[in-house]
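For reference, the structure discussed in these notes is given below.
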Protein chains: 2
Amino acid sequence: MTGSSGYPPFAVTVDLVILSVGEEGLEALVIERGEEPFRGELALPGGFVLEDETLDAAASRELAEETGLRERHLEQLASYGEPDRDPRMRVVTVAYLAMTPDPPALTAGTDAAAASWVPVRSLARKHLAFDHRKILRDGVDRARAKLEYTTLATAFCPREFTIAELRQVYEAIWGEELDPRNFSRKVLSTEGFVVPTDATITRGGGRPARLYRAGPASELSPPLRRPRSFARQRP
Amino acid sequence: MTGSSGYPPFAVTVDLVILSVGEEGLEALVIERGEEPFRGELALPGGFVLEDETLDAAASRELAEETGLRERHLEQLASYGEPDRDPRMRVVTVAYLAMTPDPPALTAGTDAAAASWVPVRSLARKHLAFDHRKILRDGVDRARAKLEYTTLATAFCPREFTIAELRQVYEAIWGEELDPRNFSRKVLSTEGFVVPTDATITRGGGRPARLYRAGPASELSPPLRRPRSFARQRP
DNA sequence: TAAATAGTGTCTCTAAGACACTATCAT
DNA sequence: ATGATAGTGTCTTAGAGACACTATTTA
């Protein structure tokens with residue numbers, strides 16, 4: 001125990017890594033900060049946890065406030081608490097990871113003067129406020145890993161989607177091309193991954209594709225393994 | 001922003017799920033609390049994060065303080081911040097997961113009047129202070145999952161170990177028997193999982209077993225899959 | 001010797017990867 | 001018709017599971 005009140009006081013915030021798959025591949029929602037510190041720089045959306053609020057509730061509230069998104073998937077990512085990560089005071093932030101179908105229109109909130117979707121590829125080279133670059137990278141890594149052994153990819157798809165669209169989610173996040181035929185076979189043979197509807201849709205010429213919805217399964221067993229791009233030794 | 005100082009003050013603690021594999025299978029280190037609240041109840045070891053301390057450093061310090069353990073593996077697990085999880089004040093705890101070879105002797109610290117290793121099986125039915133039951137369960141779930149796709153199991157083994165000992169780690173944590181011969185083949189054929197030494201050891205009759213050390217690999221690819229105990233339909 | 005544990009070889013089966021082939025649309 | 005996209009079938013191969021068999025110790 002230290003100090004008069006028995007413990008050092010902290011501020012606790014939540015920060016959100018919100019991902020979507022758009023024209024430019026995997027994109028993240030970032031805001032341009034309207035206040036010091038880091039005014040004018042890009043940052044992840046987030047804010048203080050309120051007095052009587054659960055961490056999950058704070059994340060959910062920030063997600064709604066800053067984007068007005070209908071919530072598809074929101075999970076805790078990790079916590080970050082370097083003593084100097086915020087120049088104003090000692091702050092521990094609990095990062096959350098959210099996914100949403102094709103980048104929706106944004107209802108910018110008070111803090112988020114300029115929220116926008118930015119391709120993750122281009123963010124990788126840019127500077128972000130605080131330690132948000134690392135948080136973003138951790139979020140993307142988590143998403144990449146979870147595609148392998150969960151049905152998470154459906155969270156990036158609208159309510160009804162084709163197998164090709166689901167595959168494009170994998171391809172955008174993994175940055176690898178997948179064989180459409182083998183992918184289709186794998187998805188359809190994994191019970192509960194997707195459930196077929198009666199509808200089909202034509203996206204622009206070619207045989208119409210059947211539409212599916214997300215199924216009840218949450219884990220993929222056996223997993224859908226990401227292609228390991230090794231230079232295989234050929235003796 | 002709320003309040004005069006602009007944000008609600010929190011206490012931040014770290015709590016540790018410290019696992020080991022002993023006589024009774026998977027065991028966790030718990031302390032009997034010497035103070036209110038929950039005096040006399042079992043709890044996970046932990047404590048406040050200090051003014052100028054990283055979260056990782058706080059976890060590392062608590063691990064050393066409460067157990068004197070040499071650190072084999074320590075990773076952040078998740079954060080817990082229900083408003084009422086501590087009756088004294090608003091506390092967010094960042095839980096960490098640690099593994100150590102066979103339950104070592106304990107150097108009880110100030111707070112840890114009675115630290116002891118308790119089989120996880122028996123803890124599953126007991127009450128723990130705060131929300132530590134959930135934290136423990138999350139830690140065990142994480143460990144179970146990570147055995148599949150990482151070399152984490154070696155963190156439960158002493159510096160030199162036999163394949164049979166490594167297998168017993170898997171069996172204790174998964175609660176499933178594995179075929180010794182297939183397990184051996186899998187481990188030895190996964191490059192970098194273990195590296196052989198020249199030494200062998202006889203554990204009590206039978207052919208001597210070769211001793212290995214943990215190898216440089218950290219991920220298992222392809223994974224060592226946990227047997228799914230499904231009641232397979234036999235038509 | 002028997003019993004115990006370590007370790008190898010081999011067969012089978014599942015599932016992934018490669019890719020030919022068929023199906024159904026727009027033009 | 002042609003080209004594009006959707007979807008099926010088939011061959012090959014990697015790797016998991018089952019388990020016979022060999023190796024080396026203690027009792």
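By convention in this document, the chains of the structure tokens carry letters A, B, ... by their order, each chain's residues are numbered from 1, and ligands are numbered from 1 in the order they are shown.
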
Sorted by chain and rising residue number, list the residues of chain B at most 7 Å from chain A (counting only C-alpha atoms), each with its closest atom pair and distance in Å to one decimal, as JSON lines.
```
{"residue": "B:Tyr7", "atom": "CA", "partner": "A:Ala11", "partner_atom": "CA", "distance": 6.5}
{"residue": "B:Pro8", "atom": "CA", "partner": "A:Glu51", "partner_atom": "CA", "distance": 5.7}
{"residue": "B:Pro9", "atom": "CA", "partner": "A:Ala11", "partner_atom": "CA", "distance": 5.6}
{"residue": "B:Phe10", "atom": "CA", "partner": "A:Phe10", "partner_atom": "CA", "distance": 5.1}
{"residue": "B:Ala11", "atom": "CA", "partner": "A:Pro9", "partner_atom": "CA", "distance": 5.6}
{"residue": "B:Val12", "atom": "CA", "partner": "A:Phe10", "partner_atom": "CA", "distance": 6.8}
{"residue": "B:Phe48", "atom": "CA", "partner": "A:Tyr7", "partner_atom": "CA", "distance": 6.8}
{"residue": "B:Leu50", "atom": "CA", "partner": "A:Pro8", "partner_atom": "CA", "distance": 6.5}
{"residue": "B:Glu51", "atom": "CA", "partner": "A:Pro8", "partner_atom": "CA", "distance": 5.8}
{"residue": "B:Asp52", "atom": "CA", "partner": "A:Pro83", "partner_atom": "CA", "distance": 5.6}
{"residue": "B:Glu53", "atom": "CA", "partner": "A:Pro83", "partner_atom": "CA", "distance": 6.2}
{"residue": "B:Thr54", "atom": "CA", "partner": "A:Glu82", "partner_atom": "CA", "distance": 5.0}
{"residue": "B:Leu55", "atom": "CA", "partner": "A:Gly81", "partner_atom": "CA", "distance": 5.8}
{"residue": "B:Ala78", "atom": "CA", "partner": "A:Ala78", "partner_atom": "CA", "distance": 6.1}
{"residue": "B:Ser79", "atom": "CA", "partner": "A:Ser79", "partner_atom": "CA", "distance": 6.9}
{"residue": "B:Gly81", "atom": "CA", "partner": "A:Leu55", "partner_atom": "CA", "distance": 5.8}
{"residue": "B:Glu82", "atom": "CA", "partner": "A:Thr54", "partner_atom": "CA", "distance": 5.0}
{"residue": "B:Pro83", "atom": "CA", "partner": "A:Asp52", "partner_atom": "CA", "distance": 5.6}
```

Item to check | Expected answer as JSON, numbers by chain: helix (DSSP H, G or I) residues in stretch 3-229 of chain A | outcome: {"A": [55, 56, 57, 58, 59, 60, 61, 62, 63, 64, 65, 66, 67, 120, 121, 122, 123, 132, 133, 134, 135, 136, 137, 138, 139, 140, 141, 142, 143, 144, 145, 146, 147, 148, 149, 152, 153, 154, 155, 156, 163, 164, 165, 166, 167, 168, 169, 170, 171, 172, 173, 174, 180, 181, 182, 183, 184, 185, 186, 187, 188, 189]}

Item to check | DSSP strand (DSSP E) residues within stretch 21-92 of chain B, listed as a list in words | outcome: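 Secondary structure check on stretch 21-92 of chain B, strand (DSSP E): Val21, Gly22, Gly25, Leu26, Glu27, Ala28, Leu29, Val30, Ile31, Glu32, Leu42, Ala43, Gly46, Gly47, Phe48, His73, Leu74, Glu75, Gln76, Leu77, Ala78, Ser79, Tyr80, Val91 and Val92 of chain B.
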
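Reported to one decimal place, the separation of atom CA of B:Gly215 from atom CA of A:Ile135 is 29.1 Å.
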
Sort by chain and increasing residue number a table of all residues of chain A within 6 Å of chain C, each with its closest pair of atoms and their distance in Å to one decimal, counting only C-alpha atoms (C1' of nucleotides), and write it as JSON lines.
```
{"residue": "A:Gly205", "atom": "CA", "partner": "C:DA26", "partner_atom": "C1'", "distance": 4.8}
{"residue": "A:Gly206", "atom": "CA", "partner": "C:DC25", "partner_atom": "C1'", "distance": 4.3}
{"residue": "A:Arg207", "atom": "CA", "partner": "C:DT24", "partner_atom": "C1'", "distance": 4.2}
```

Item to check | Residues of chain D within 12 Å of chain A, only C-alpha atoms (C1' of nucleotides) counted, as a list of chain:residue names | outcome: D:DT2, D:DG3, D:DA4, D:DT5, D:DA6, D:DG7, D:DT8, D:DG9, D:DA16

Could the residues in this selection be saved with N, CA and C atoms (P, O5', C5', C4', C3', O3' and C1' of nucleotides) as a PDB file, in the first residue's frame?
```pdb
ATOM      1  P    DT D   2     -17.280 -19.434 -79.121  1.00  0.00           P
ATOM      2  O5'  DT D   2     -17.175 -18.174 -78.154  1.00  0.00           O
ATOM      3  C5'  DT D   2     -16.943 -16.877 -78.685  1.00  0.00           C
ATOM      4  C4'  DT D   2     -16.793 -15.896 -77.540  1.00  0.00           C
ATOM      5  C3'  DT D   2     -15.799 -16.364 -76.481  1.00  0.00           C
ATOM      6  O3'  DT D   2     -14.958 -15.283 -76.139  1.00  0.00           O
ATOM      7  C1'  DT D   2     -17.885 -15.882 -75.471  1.00  0.00           C
ATOM      8  P    DG D   3     -13.640 -15.597 -75.268  1.00  0.00           P
ATOM      9  O5'  DG D   3     -14.038 -14.918 -73.876  1.00  0.00           O
ATOM     10  C5'  DG D   3     -14.555 -13.584 -73.871  1.00  0.00           C
ATOM     11  C4'  DG D   3     -15.119 -13.276 -72.502  1.00  0.00           C
ATOM     12  C3'  DG D   3     -14.218 -13.720 -71.355  1.00  0.00           C
ATOM     13  O3'  DG D   3     -14.254 -12.702 -70.372  1.00  0.00           O
ATOM     14  C1'  DG D   3     -16.357 -14.649 -71.075  1.00  0.00           C
ATOM     15  P    DA D   4     -13.237 -12.667 -69.162  1.00  0.00           P
ATOM     16  O5'  DA D   4     -14.193 -12.861 -67.899  1.00  0.00           O
ATOM     17  C5'  DA D   4     -15.218 -11.890 -67.656  1.00  0.00           C
ATOM     18  C4'  DA D   4     -16.183 -12.455 -66.665  1.00  0.00           C
ATOM     19  C3'  DA D   4     -15.496 -13.023 -65.411  1.00  0.00           C
ATOM     20  O3'  DA D   4     -15.976 -12.356 -64.260  1.00  0.00           O
ATOM     21  C1'  DA D   4     -17.124 -14.523 -66.276  1.00  0.00           C
ATOM     22  P    DT D   5     -15.103 -12.350 -62.925  1.00  0.00           P
ATOM     23  O5'  DT D   5     -16.001 -13.186 -61.894  1.00  0.00           O
ATOM     24  C5'  DT D   5     -17.361 -12.850 -61.730  1.00  0.00           C
ATOM     25  C4'  DT D   5     -18.135 -14.094 -61.402  1.00  0.00           C
ATOM     26  C3'  DT D   5     -17.594 -14.890 -60.200  1.00  0.00           C
ATOM     27  O3'  DT D   5     -18.589 -14.934 -59.195  1.00  0.00           O
ATOM     28  C1'  DT D   5     -18.189 -16.302 -61.987  1.00  0.00           C
ATOM     29  P    DA D   6     -18.449 -15.753 -57.854  1.00  0.00           P
ATOM     30  O5'  DA D   6     -19.217 -17.108 -58.209  1.00  0.00           O
ATOM     31  C5'  DA D   6     -20.585 -17.035 -58.577  1.00  0.00           C
ATOM     32  C4'  DA D   6     -21.250 -18.389 -58.458  1.00  0.00           C
ATOM     33  C3'  DA D   6     -20.916 -19.182 -57.206  1.00  0.00           C
ATOM     34  O3'  DA D   6     -22.118 -19.771 -56.732  1.00  0.00           O
ATOM     35  C1'  DA D   6     -20.268 -20.417 -59.137  1.00  0.00           C
ATOM     36  P    DG D   7     -22.180 -20.583 -55.378  1.00  0.00           P
ATOM     37  O5'  DG D   7     -21.677 -22.026 -55.822  1.00  0.00           O
ATOM     38  C5'  DG D   7     -22.561 -22.868 -56.564  1.00  0.00           C
ATOM     39  C4'  DG D   7     -21.814 -24.084 -57.013  1.00  0.00           C
ATOM     40  C3'  DG D   7     -21.199 -24.961 -55.915  1.00  0.00           C
ATOM     41  O3'  DG D   7     -21.959 -26.153 -55.834  1.00  0.00           O
ATOM     42  C1'  DG D   7     -19.834 -24.798 -57.828  1.00  0.00           C
ATOM     43  P    DT D   8     -21.520 -27.405 -54.933  1.00  0.00           P
ATOM     44  O5'  DT D   8     -20.839 -28.362 -55.998  1.00  0.00           O
ATOM     45  C5'  DT D   8     -21.599 -28.822 -57.116  1.00  0.00           C
ATOM     46  C4'  DT D   8     -20.876 -29.963 -57.823  1.00  0.00           C
ATOM     47  C3'  DT D   8     -20.394 -31.091 -56.914  1.00  0.00           C
ATOM     48  O3'  DT D   8     -20.660 -32.325 -57.572  1.00  0.00           O
ATOM     49  C1'  DT D   8     -18.563 -30.223 -58.124  1.00  0.00           C
ATOM     50  P    DG D   9     -20.262 -33.701 -56.871  1.00  0.00           P
ATOM     51  O5'  DG D   9     -18.918 -34.079 -57.637  1.00  0.00           O
ATOM     52  C5'  DG D   9     -18.872 -34.020 -59.059  1.00  0.00           C
ATOM     53  C4'  DG D   9     -17.596 -34.671 -59.575  1.00  0.00           C
ATOM     54  C3'  DG D   9     -17.095 -35.864 -58.776  1.00  0.00           C
ATOM     55  O3'  DG D   9     -16.540 -36.802 -59.703  1.00  0.00           O
ATOM     56  C1'  DG D   9     -15.454 -34.153 -58.717  1.00  0.00           C
ATOM     57  P    DA D  16      -0.001 -34.016 -37.428  1.00  0.00           P
ATOM     58  O5'  DA D  16      -1.226 -34.768 -36.754  1.00  0.00           O
ATOM     59  C5'  DA D  16      -2.551 -34.360 -37.062  1.00  0.00           C
ATOM     60  C4'  DA D  16      -3.480 -35.545 -36.963  1.00  0.00           C
ATOM     61  C3'  DA D  16      -3.325 -36.343 -35.675  1.00  0.00           C
ATOM     62  O3'  DA D  16      -4.609 -36.608 -35.157  1.00  0.00           O
ATOM     63  C1'  DA D  16      -3.065 -37.777 -37.537  1.00  0.00           C
TER      64       DA D  16
END
```

Next on the checklist: Rounded to one decimal, what separation in Å do you get between atom CA of A:Gln168 and atom CA of A:Pro103?
Outcome noted: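 Distance between the two atoms: 14.6 Å.
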
Next on the checklist: Here is a test: counting only C-alpha atoms, which residue of A:Glu27, A:Asp141, A:Glu62, A:Asp15 is nearest to A:Leu123?
Outcome noted: A:Glu27

Next on the checklist: Would you compute the distance between atom CA of B:Ile31 and atom CA of B:Leu44? Give it in Å to one decimal.
Outcome noted: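 Atom CA of B:Leu44 lies 6.2 Å from atom CA of B:Ile31.
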
Checklist entry - Which residues, written as JSON, numbers by chain, have at least one atom at most 10 Å from A:Ser60, with only C-alpha atoms (C1' of nucleotides) counted and residues fewer than 2 positions away on the same chain left out? => result {"A": [14, 16, 54, 55, 56, 57, 58, 62, 63, 64, 65, 69, 71, 74, 75, 96, 98]}
